[in-house]
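Each remark here refers to the structure printed beneath this line.
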Amino acid sequence: MRWLRMATMIAASSCLMLPACKPGSEDDAAEGDATGETGGTGDGDGDGECLAAAHDPGPAPLRRLTARQYANTVRDLFPGVDLPEPTILLDPLVAGFENNAAAQTPSALLIEQYQRAAVEITEAAIDQAELWLPCASDGGADPSACGQALIAELGPRMFRRPLSAETAQIYAHFFETQRGEHGFSIALQLTLQAMLQAPEFIYFVEQGEGEVNPDGAQPLDGYTLATRLSYFIWDTMPDEELFAAAAANELGSEAALVAQVERMLADPRARESTVNFYRQWFDFDSIDEIVPDLATYPDYTPTLRDSMKQELERLAEWTVFDLDGNFSDLMLANSSFVDAELAGIYGVPAPGEWALTELDPTQRAGMLTSAGFLASRAHAVNPSPVKRGVFVLEHLLCQPPPPPPPDVSTEVPEDTPADPKTNRERYQAHTVDPLCQGCHVNIDGIGFGFEHYDSLGRWRDTDNGFPVDATGTLIGSGESDGEFDGAIELAAKLASSEVAHDCAVTNYLRWALARSPVIDDRCFRDELEQAFLASEGNLRALVTEIILSDAFRLRRTEP
């Protein structure tokens, strides 16, 4: 329809499809691995070089709203309106995260989805205009003034900074043109559609202000900093108080920033956003793929799978906010949230509803012994020490192993009635191949520590009639390296590992900066890692330290 196409005329200058505006590159995606993104602190360059580069904030590639951020933002733009869930293409994951700018390459399909979402959202908003429109839903006595008032009020919130006089005039002219041809309601809808498809809404258009330091870095202006704060802590647009602080130029003060962080962390949106971060860091979504063999596990139901995911979401939220917890709590807490479905897995009395429950400390410690983690790193019949070991290396030590050689079989030998074996013994067979030994010493050395847990995460003392051997060796964790017996001892080693703490910092930075850390980040990463250790791994304190860092508050004046 012609009037639908007209709604995108103003956004036609968007750089969504221009190669020059591509928000990152393949090199960006690989840059972290190429520069030793291992979570370790030492780069061997000495303090002098770090002091000289102390104000280099690293790259700030052009990035855009994730699908979840888009949905949260339109929800806050039209409060109270019953909006349809936008169908926006999910970007490929980079290092486990969905907001990495390197993967946000635009496509024709994505642009079509933005247009469709704009149409559906504005249709719903217009039908409930009385909830958000600053004047009568039919424009009242002066529809022209109503349209201009809407642009003046909604525009700065949509673009997350005041509209320039030129931009405001462009939208006002567009609104008046469409009103003359189609009437007030359609003109309003078309104008909103154009704004929802504008690059200023879809992309984070960042600006600096003030003095440029000798390293070529400049403080972010208040509106850019407010936007970074809001999408890091809330996963959505700034609220009125943040906009007011930006307008008053208050966010340049560390004390003001800390006050805003504390205020924002107390808001329920911080809990929702934090769960979203942990969903990606600990890969909760893999629980959705659990399909155990029903002949082996007849008690399994899809409801149990849902409970496994909810447990981890509740546990992450409780650890960060209610416990004010540390990284070690993620590894060692022997209390978790249990419902009637999970009670059978953990061998505890079934509560009437979700309840924080103390579990057997000889069997359970933190995230890594949760049913959801264990079941999502298992095959249909038998658990997978390889999947469990790879997760720890990749997500908790920031040391992802390389893929297996293309000419090597990854199939685990089947058990035979004439020669029964434990799951561990069958997996040990693949380390006989010299091509596999180099990686599997590290992978299996971790993964075998989980052999007390079957494919649903239930505890077992025997496997195929034989006693379970859950001994292992941790390599790559620094001073925590060494032998251990079982997942509880492994979790204790990770909880005390400086490398694991540094990896936690890396994962928070990946999310906060929407990119992989690079070699230029080594100085402020060192500072953050040291501060994280000094706080004994406090997770809320890490958020504040990141926000106060040069990487978060400054930007390079040159690419």
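Following the order of the structure tokens, first chain is A, next is B, and so on, with residues numbered from 1 inside each chain and ligands from 1 in the order they appear.
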Residues within 9 Å of A:Thr236, only C-alpha atoms, excluding chain neighbours under 4 positions, as an MDAnalysis selection string: chainID A and resid 68:74 76 227 230:232 269 273
Test item: residues at most 10 Å from A:Gln310, only C-alpha atoms, excluding those fewer than 2 positions along its chain, as a PyMOL selection string: chain A and resi 284+304-308+312-316+337-339+354+372
Nearest residue to A:Ser137 from the set A:Phe524, A:Phe204, A:Phe184, A:Tyr114 (distances using only C-alpha atoms):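 Looking at the shortest contact to A:Ser137, the residue is A:Phe184.
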Nearest residue to A:Leu192 from the set A:Glu112, A:Asp138, A:Glu123, A:Asp235 (distances using only C-alpha atoms): A:Glu123
Nearest to A:Ala124, chosen from A:Glu176, A:Glu85, A:Glu358, A:Asp461, with only C-alpha atoms counted in the distances: A:Glu85
Those of stretch 161-378 of chain A in DSSP helix (DSSP H, G or I), formatted as an MDAnalysis selection string: chainID A and resid 165:182 184:196 199:202 222:233 240:247 254:265 268:281 284:289 302:322 327:332 340:346 367:369 371:376
Selection above as a file: C-alpha atoms, as a tab-separated table (two decimals), in the first residue's frame:
chain	number	residue	atom	x	y	z
A	165	ALA	CA	15.34	22.00	15.25
A	166	GLU	CA	15.96	20.61	11.76
A	167	THR	CA	14.92	17.08	12.73
A	168	ALA	CA	11.80	18.28	14.53
A	169	GLN	CA	10.85	20.32	11.47
A	170	ILE	CA	11.29	17.33	9.16
A	171	TYR	CA	8.88	15.21	11.19
A	172	ALA	CA	6.43	18.08	11.66
A	173	HIS	CA	6.39	18.69	7.90
A	174	PHE	CA	5.90	14.98	7.24
A	175	PHE	CA	3.02	14.86	9.73
A	176	GLU	CA	1.31	17.89	8.18
A	177	THR	CA	1.68	16.50	4.66
A	178	GLN	CA	0.12	13.18	5.66
A	179	ARG	CA	-2.63	14.84	7.69
A	180	GLY	CA	-3.67	16.89	4.68
A	181	GLU	CA	-3.94	13.77	2.57
A	182	HIS	CA	-5.09	11.08	5.04
A	184	PHE	CA	-5.07	13.04	11.69
A	185	SER	CA	-5.06	9.40	12.82
A	186	ILE	CA	-3.24	7.97	9.79
A	187	ALA	CA	-0.80	10.89	9.74
A	188	LEU	CA	0.01	10.23	13.38
A	189	GLN	CA	0.52	6.54	12.72
A	190	LEU	CA	2.74	7.15	9.67
A	191	THR	CA	4.87	9.64	11.56
A	192	LEU	CA	5.38	7.21	14.42
A	193	GLN	CA	6.28	4.48	11.95
A	194	ALA	CA	8.89	6.69	10.35
A	195	MET	CA	10.42	7.46	13.75
A	196	LEU	CA	10.45	3.80	14.78
A	199	PRO	CA	18.53	5.06	12.57
A	200	GLU	CA	18.44	7.33	15.63
A	201	PHE	CA	15.95	4.91	17.19
A	202	ILE	CA	17.32	1.57	16.00
A	222	GLY	CA	25.24	13.11	29.07
A	223	TYR	CA	22.64	11.59	26.78
A	224	THR	CA	25.01	8.94	25.42
A	225	LEU	CA	26.10	8.03	28.93
A	226	ALA	CA	22.48	7.87	30.12
A	227	THR	CA	21.69	5.52	27.24
A	228	ARG	CA	24.68	3.28	27.99
A	229	LEU	CA	23.65	3.14	31.64
A	230	SER	CA	20.06	2.33	30.86
A	231	TYR	CA	20.65	-0.44	28.36
A	232	PHE	CA	23.40	-2.01	30.49
A	233	ILE	CA	21.38	-2.10	33.71
A	240	GLU	CA	12.73	10.64	33.13
A	241	GLU	CA	15.25	10.94	35.95
A	242	LEU	CA	18.12	9.78	33.74
A	243	PHE	CA	17.08	12.17	30.97
A	244	ALA	CA	16.93	14.98	33.52
A	245	ALA	CA	20.39	14.13	34.84
A	246	ALA	CA	21.73	14.15	31.28
A	247	ALA	CA	20.11	17.50	30.54
A	254	GLU	CA	31.43	9.87	39.72
A	255	ALA	CA	29.27	10.44	42.77
A	256	ALA	CA	26.24	11.15	40.57
A	257	LEU	CA	26.94	8.07	38.50
A	258	VAL	CA	27.18	5.85	41.56
A	259	ALA	CA	23.92	7.29	42.89
A	260	GLN	CA	22.19	6.55	39.58
A	261	VAL	CA	23.57	3.01	39.51
A	262	GLU	CA	22.26	2.31	43.02
A	263	ARG	CA	18.87	3.76	42.13
A	264	MET	CA	18.67	1.76	38.92
A	265	LEU	CA	19.76	-1.51	40.52
A	268	PRO	CA	12.67	-4.25	39.10
A	269	ARG	CA	13.88	-3.76	35.53
A	270	ALA	CA	17.44	-4.39	36.74
A	271	ARG	CA	16.42	-7.85	37.90
A	272	GLU	CA	14.86	-8.67	34.56
A	273	SER	CA	17.91	-7.42	32.68
A	274	THR	CA	20.34	-9.27	34.95
A	275	VAL	CA	18.48	-12.53	34.39
A	276	ASN	CA	18.78	-11.87	30.65
A	277	PHE	CA	22.54	-11.44	31.03
A	278	TYR	CA	22.91	-14.67	33.00
A	279	ARG	CA	20.66	-16.43	30.50
A	280	GLN	CA	23.35	-15.75	27.92
A	281	TRP	CA	26.45	-16.17	30.10
A	284	PHE	CA	20.01	-21.14	30.01
A	285	ASP	CA	18.42	-21.45	26.57
A	286	SER	CA	20.16	-24.77	25.98
A	287	ILE	CA	17.73	-26.22	28.52
A	288	ASP	CA	15.00	-25.78	25.88
A	289	GLU	CA	16.77	-28.42	23.77
A	302	PRO	CA	8.34	-30.84	29.50
A	303	THR	CA	7.14	-29.23	32.73
A	304	LEU	CA	10.32	-30.45	34.42
A	305	ARG	CA	12.36	-28.80	31.68
A	306	ASP	CA	10.55	-25.51	32.28
A	307	SER	CA	11.22	-25.81	36.01
A	308	MET	CA	14.94	-26.36	35.36
A	309	LYS	CA	15.15	-23.09	33.47
A	310	GLN	CA	13.09	-21.19	36.02
A	311	GLU	CA	15.33	-22.45	38.80
A	312	LEU	CA	18.44	-20.96	37.20
A	313	GLU	CA	16.68	-17.68	36.46
A	314	ARG	CA	15.50	-17.40	40.07
A	315	LEU	CA	18.91	-18.45	41.38
A	316	ALA	CA	20.76	-15.81	39.35
A	317	GLU	CA	18.36	-13.05	40.44
A	318	TRP	CA	18.50	-14.09	44.10
A	319	THR	CA	22.30	-14.36	44.15
A	320	VAL	CA	22.89	-10.91	42.68
A	321	PHE	CA	20.12	-8.92	44.37
A	322	ASP	CA	18.82	-10.64	47.49
A	327	PHE	CA	31.18	-15.00	42.16
A	328	SER	CA	31.91	-17.74	44.70
A	329	ASP	CA	28.20	-17.88	45.55
A	330	LEU	CA	27.46	-18.75	41.93
A	331	MET	CA	29.83	-21.70	42.32
A	332	LEU	CA	29.24	-22.82	45.91
A	340	ALA	CA	7.44	-29.98	43.09
A	341	GLU	CA	8.97	-30.98	39.73
A	342	LEU	CA	12.56	-30.47	40.88
A	343	ALA	CA	12.12	-31.94	44.35
A	344	GLY	CA	12.41	-35.46	42.97
A	345	ILE	CA	15.64	-34.62	41.17
A	346	TYR	CA	17.22	-33.19	44.32
A	367	MET	CA	25.03	-23.32	39.17
A	368	LEU	CA	27.19	-26.22	37.97
A	369	THR	CA	25.29	-28.88	39.92
A	371	ALA	CA	19.61	-29.96	37.14
A	372	GLY	CA	19.26	-27.51	34.25
A	373	PHE	CA	22.99	-27.16	33.66
A	374	LEU	CA	23.64	-30.90	33.95
A	375	ALA	CA	20.70	-31.98	31.78
A	376	SER	CA	21.51	-29.46	29.06
Residues within 10 Å of A:Asn213, only C-alpha atoms, excluding chain neighbours under 5 positions, as a ChimeraX atom specification: /A:55-56,218-219,554,556-557
Could you save the residues just selected, with C-alpha atoms, as a PDB file, in the first residue's frame?
ATOM      1  CA  HIS A  55      42.660   6.683  29.034  1.00  0.00           C
ATOM      2  CA  ASP A  56      42.209   4.594  25.899  1.00  0.00           C
ATOM      3  CA  GLN A 218      36.708  12.202  24.851  1.00  0.00           C
ATOM      4  CA  PRO A 219      34.036  11.952  27.564  1.00  0.00           C
ATOM      5  CA  LEU A 554      34.870   7.739  27.185  1.00  0.00           C
ATOM      6  CA  ARG A 556      37.707   7.537  20.848  1.00  0.00           C
ATOM      7  CA  THR A 557      37.450  10.613  18.647  1.00  0.00           C
TER       8      THR A 557
END
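Of the residues under consideration (A:Asp91, A:Asp360, A:Glu353, A:Asp221), A:Asp91 shows the shortest atom-to-atom contact distance to A:Ala67 when counting only C-alpha atoms.
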